[in-house]
Amino acid sequence: MTVAYLGLGTNIGNKRRNLITAAALLAERVGDILALSDMYETEPWGFESENTFLNAAAELQTTCSPLELLDATRLIEIEMGRIEKSNGAYHDRIIDIDILMYDDLIMQTPRLTIPHPLMHKRPFVMTPLMEIAPDVVHPVFHKTIAELAGL
């Protein structure tokens with residue numbers, strides 16, 4: 001069993017329901033949710049939109065490999081109505097599920113980089129992650145999430 005940390009975000013539709021649905025589908029399909037942060041309202045990051053986001057973080061225990069987990073999260077996004085991933089151009093989305101960390105694994109492939117390369121620069125990721133995993137050590141920076149969050 002592996003522990004993975006995921007970031008969830010949504011800024012269109014019924015945002016609260018979107019996050020709850022995504023968490024329920026993750027629990028049903030990929031593993032046990034060990035912790036789920038509160039939902040945080042945040043401003044869009046990397047693009048302009050009149051729609052604020054709701055963001056959360058989840059701690060998940062899974063038997064999925066990193067790429068299996070990526071495929072499962074992408075399928076959930078598609079089933080919930082997300083057509084395309086950002087690929088550098090950010091836009092409104094019904095759901096976004098990012099793998100932030102996967103145990104202490106460090107990997108970089110064309111499809112997936114773990115830990116998420118921008119997580120430490122994004123308050124909308126770090127605030128909910130700090131709530132559920134303040135003492136978890138980032139495998140690249142060798143600092144706890146609380147230290148990276150500046151607390």
# chains A, B, ... in the order shown; residues from 1 in each chain; ligands from 1
call {"tool": "select_by_dssp", "arguments": {"residues": "chain A", "states": "strand (DSSP E)", "output": "JSON, numbers by chain"}}
result
{"A": [2, 3, 4, 5, 6, 7, 8, 9, 10, 31, 32, 33, 34, 35, 36, 40, 41, 42, 53, 54, 55, 56, 57, 58, 59, 60, 61, 62, 96, 97, 98, 99, 100, 101, 102, 107, 108, 113, 114]}
call {"tool": "write_last_selection", "arguments": {"atoms": "C-alpha atoms", "output": "PDB file, in the first residue's frame"}}
result
ATOM      1  CA  THR A   2       1.165   3.484  -0.890  1.00  0.00           C
ATOM      2  CA  VAL A   3       0.091   6.854   0.453  1.00  0.00           C
ATOM      3  CA  ALA A   4      -0.519   9.496  -2.174  1.00  0.00           C
ATOM      4  CA  TYR A   5      -1.486  13.114  -1.722  1.00  0.00           C
ATOM      5  CA  LEU A   6      -3.840  14.657  -4.247  1.00  0.00           C
ATOM      6  CA  GLY A   7      -4.927  18.212  -4.943  1.00  0.00           C
ATOM      7  CA  LEU A   8      -8.511  18.802  -6.062  1.00  0.00           C
ATOM      8  CA  GLY A   9      -9.906  21.970  -7.573  1.00  0.00           C
ATOM      9  CA  THR A  10     -13.032  23.228  -9.316  1.00  0.00           C
ATOM     10  CA  GLY A  31      -8.204   3.488  -2.495  1.00  0.00           C
ATOM     11  CA  ASP A  32      -9.131   4.630   0.963  1.00  0.00           C
ATOM     12  CA  ILE A  33      -9.271   8.339   1.700  1.00  0.00           C
ATOM     13  CA  LEU A  34      -7.341   8.662   4.951  1.00  0.00           C
ATOM     14  CA  ALA A  35      -7.832  12.426   5.233  1.00  0.00           C
ATOM     15  CA  LEU A  36      -9.674  15.128   3.331  1.00  0.00           C
ATOM     16  CA  TYR A  40     -10.806  26.581   0.465  1.00  0.00           C
ATOM     17  CA  GLU A  41     -12.092  29.330  -1.810  1.00  0.00           C
ATOM     18  CA  THR A  42      -9.249  30.771  -3.870  1.00  0.00           C
ATOM     19  CA  PHE A  53     -12.055  28.049  -7.120  1.00  0.00           C
ATOM     20  CA  LEU A  54     -12.791  25.616  -4.363  1.00  0.00           C
ATOM     21  CA  ASN A  55      -9.685  23.591  -3.525  1.00  0.00           C
ATOM     22  CA  ALA A  56      -9.011  20.659  -1.224  1.00  0.00           C
ATOM     23  CA  ALA A  57      -6.343  18.051  -0.600  1.00  0.00           C
ATOM     24  CA  ALA A  58      -6.748  14.338   0.005  1.00  0.00           C
ATOM     25  CA  GLU A  59      -4.529  11.700   1.555  1.00  0.00           C
ATOM     26  CA  LEU A  60      -5.177   8.419  -0.206  1.00  0.00           C
ATOM     27  CA  GLN A  61      -3.985   4.899   0.498  1.00  0.00           C
ATOM     28  CA  THR A  62      -3.777   2.968  -2.757  1.00  0.00           C
ATOM     29  CA  ASP A  96      -8.932  19.036 -11.609  1.00  0.00           C
ATOM     30  CA  ILE A  97      -7.184  16.231  -9.749  1.00  0.00           C
ATOM     31  CA  ASP A  98      -3.413  16.461  -9.406  1.00  0.00           C
ATOM     32  CA  ILE A  99      -1.065  13.916  -7.887  1.00  0.00           C
ATOM     33  CA  LEU A 100       1.036  15.994  -5.513  1.00  0.00           C
ATOM     34  CA  MET A 101       3.160  13.302  -3.864  1.00  0.00           C
ATOM     35  CA  TYR A 102       3.309   9.522  -3.944  1.00  0.00           C
ATOM     36  CA  MET A 107       9.839  10.422 -10.878  1.00  0.00           C
ATOM     37  CA  GLN A 108       9.766  12.348 -14.115  1.00  0.00           C
ATOM     38  CA  THR A 113       6.191  14.258 -12.623  1.00  0.00           C
ATOM     39  CA  ILE A 114       6.148  13.407  -8.910  1.00  0.00           C
TER      40      ILE A 114
END
call {"tool": "residues_around", "arguments": {"residues": "segment 43-51 of chain A", "least_positions_apart": "3", "cutoff": "10 Å", "atoms": "only C-alpha atoms", "output": "ChimeraX atom specification"}}
result
/A:10-13,40,54,88-93,122-124
call {"tool": "select_by_dssp", "arguments": {"residues": "chain A", "states": "alpha helix (DSSP H)", "output": "ChimeraX atom specification"}}
result
/A:15-29,66-79,123-132,145-148
call {"tool": "residues_around", "arguments": {"residues": "Ile83 of chain A", "least_positions_apart": "4", "cutoff": "10 Å", "atoms": "only C-alpha atoms", "output": "ChimeraX atom specification"}}
result
/A:74,77-79,93-94
call {"tool": "closest_residue", "arguments": {"among": "A:Thr109, A:Thr144, A:Ser65, A:Asn18", "to": "Leu129 of chain A", "atoms": "only C-alpha atoms"}}
result
A:Thr144
call {"tool": "closest_residue", "arguments": {"among": "A:Met126, A:Leu19, A:Leu67, A:Ala133", "to": "Ala149 of chain A", "atoms": "only C-alpha atoms"}}
result
A:Met126
call {"tool": "atom_distance", "arguments": {"atom1": "atom CA of Met80 of chain A", "atom2": "atom CA of Ile95 of chain A"}}
result
7.2 Å
call {"tool": "decode", "arguments": {"residues": "segment 29-59 of chain A", "atoms": "N, CA, C and O atoms", "output": "short mmCIF file (atom, residue, chain, number, x, y, z; two decimals), in the first residue's frame"}}
result
data_model
loop_
_atom_site.label_atom_id
_atom_site.label_comp_id
_atom_site.auth_asym_id
_atom_site.auth_seq_id
_atom_site.Cartn_x
_atom_site.Cartn_y
_atom_site.Cartn_z
N ARG A 29 -12.80 3.95 -6.38
CA ARG A 29 -12.01 3.34 -7.45
C ARG A 29 -10.53 3.13 -7.17
O ARG A 29 -9.93 2.24 -7.77
N VAL A 30 -9.93 3.96 -6.35
CA VAL A 30 -8.46 3.87 -6.24
C VAL A 30 -7.92 3.64 -4.84
O VAL A 30 -6.74 3.35 -4.70
N GLY A 31 -8.72 3.76 -3.83
CA GLY A 31 -8.20 3.49 -2.49
C GLY A 31 -8.97 4.19 -1.40
O GLY A 31 -9.98 4.85 -1.65
N ASP A 32 -8.48 4.03 -0.20
CA ASP A 32 -9.13 4.63 0.96
C ASP A 32 -8.66 6.06 1.17
O ASP A 32 -7.45 6.33 1.17
N ILE A 33 -9.61 6.96 1.36
CA ILE A 33 -9.27 8.34 1.70
C ILE A 33 -8.99 8.37 3.20
O ILE A 33 -9.88 8.12 4.01
N LEU A 34 -7.74 8.62 3.55
CA LEU A 34 -7.34 8.66 4.95
C LEU A 34 -7.61 10.02 5.57
O LEU A 34 -7.85 10.13 6.77
N ALA A 35 -7.55 11.06 4.76
CA ALA A 35 -7.83 12.43 5.23
C ALA A 35 -8.28 13.27 4.05
O ALA A 35 -7.80 13.09 2.93
N LEU A 36 -9.20 14.18 4.33
CA LEU A 36 -9.67 15.13 3.33
C LEU A 36 -9.72 16.49 4.01
O LEU A 36 -10.35 16.64 5.06
N SER A 37 -9.05 17.45 3.42
CA SER A 37 -9.00 18.80 4.00
C SER A 37 -10.35 19.49 3.88
O SER A 37 -11.25 19.04 3.17
N ASP A 38 -10.43 20.62 4.55
CA ASP A 38 -11.55 21.52 4.32
C ASP A 38 -11.47 22.02 2.88
O ASP A 38 -10.44 21.86 2.22
N MET A 39 -12.53 22.67 2.43
CA MET A 39 -12.54 23.28 1.11
C MET A 39 -12.18 24.75 1.26
O MET A 39 -12.68 25.43 2.15
N TYR A 40 -11.30 25.22 0.40
CA TYR A 40 -10.81 26.58 0.46
C TYR A 40 -11.17 27.32 -0.81
O TYR A 40 -10.89 26.85 -1.91
N GLU A 41 -11.78 28.50 -0.65
CA GLU A 41 -12.09 29.33 -1.81
C GLU A 41 -10.86 30.14 -2.17
O GLU A 41 -10.27 30.80 -1.30
N THR A 42 -10.46 30.09 -3.42
CA THR A 42 -9.25 30.77 -3.87
C THR A 42 -9.49 31.46 -5.21
O THR A 42 -10.40 31.10 -5.95
N GLU A 43 -8.64 32.41 -5.49
CA GLU A 43 -8.68 33.10 -6.78
C GLU A 43 -8.00 32.22 -7.84
O GLU A 43 -7.13 31.41 -7.52
N PRO A 44 -8.39 32.38 -9.11
CA PRO A 44 -7.71 31.64 -10.17
C PRO A 44 -6.21 31.92 -10.16
O PRO A 44 -5.79 33.03 -9.81
N TRP A 45 -5.43 30.95 -10.54
CA TRP A 45 -3.97 31.06 -10.56
C TRP A 45 -3.51 30.76 -11.99
O TRP A 45 -3.85 29.72 -12.55
N GLY A 46 -2.77 31.68 -12.59
CA GLY A 46 -2.22 31.44 -13.92
C GLY A 46 -3.13 31.85 -15.06
O GLY A 46 -2.75 31.72 -16.22
N PHE A 47 -4.33 32.33 -14.73
CA PHE A 47 -5.25 32.81 -15.77
C PHE A 47 -6.31 33.67 -15.09
O PHE A 47 -6.44 33.66 -13.88
N GLU A 48 -7.05 34.41 -15.88
CA GLU A 48 -8.10 35.26 -15.35
C GLU A 48 -9.45 34.62 -15.58
O GLU A 48 -9.72 34.09 -16.65
N SER A 49 -10.29 34.68 -14.55
CA SER A 49 -11.65 34.17 -14.63
C SER A 49 -12.48 34.89 -13.59
O SER A 49 -11.97 35.29 -12.54
N GLU A 50 -13.75 35.05 -13.87
CA GLU A 50 -14.65 35.63 -12.87
C GLU A 50 -15.06 34.59 -11.83
O GLU A 50 -15.68 34.92 -10.82
N ASN A 51 -14.70 33.33 -12.05
CA ASN A 51 -15.08 32.23 -11.17
C ASN A 51 -13.97 31.90 -10.19
O ASN A 51 -12.86 31.57 -10.60
N THR A 52 -14.27 31.98 -8.90
CA THR A 52 -13.31 31.54 -7.90
C THR A 52 -13.28 30.01 -7.85
O THR A 52 -14.18 29.34 -8.33
N PHE A 53 -12.22 29.49 -7.26
CA PHE A 53 -12.06 28.05 -7.12
C PHE A 53 -12.44 27.59 -5.72
O PHE A 53 -12.36 28.36 -4.76
N LEU A 54 -12.80 26.34 -5.62
CA LEU A 54 -12.79 25.62 -4.36
C LEU A 54 -11.69 24.59 -4.50
O LEU A 54 -11.62 23.87 -5.51
N ASN A 55 -10.80 24.53 -3.51
CA ASN A 55 -9.68 23.59 -3.52
C ASN A 55 -9.68 22.77 -2.25
O ASN A 55 -10.11 23.24 -1.19
N ALA A 56 -9.17 21.55 -2.37
CA ALA A 56 -9.01 20.66 -1.22
C ALA A 56 -7.82 19.75 -1.50
O ALA A 56 -7.32 19.68 -2.63
N ALA A 57 -7.40 19.05 -0.46
CA ALA A 57 -6.34 18.05 -0.60
C ALA A 57 -6.83 16.76 0.05
O ALA A 57 -7.60 16.79 1.01
N ALA A 58 -6.36 15.65 -0.51
CA ALA A 58 -6.75 14.34 0.01
C ALA A 58 -5.51 13.48 0.22
O ALA A 58 -4.57 13.52 -0.58
N GLU A 59 -5.54 12.72 1.30
CA GLU A 59 -4.53 11.70 1.56
C GLU A 59 -5.19 10.37 1.23
O GLU A 59 -6.26 10.05 1.76
#
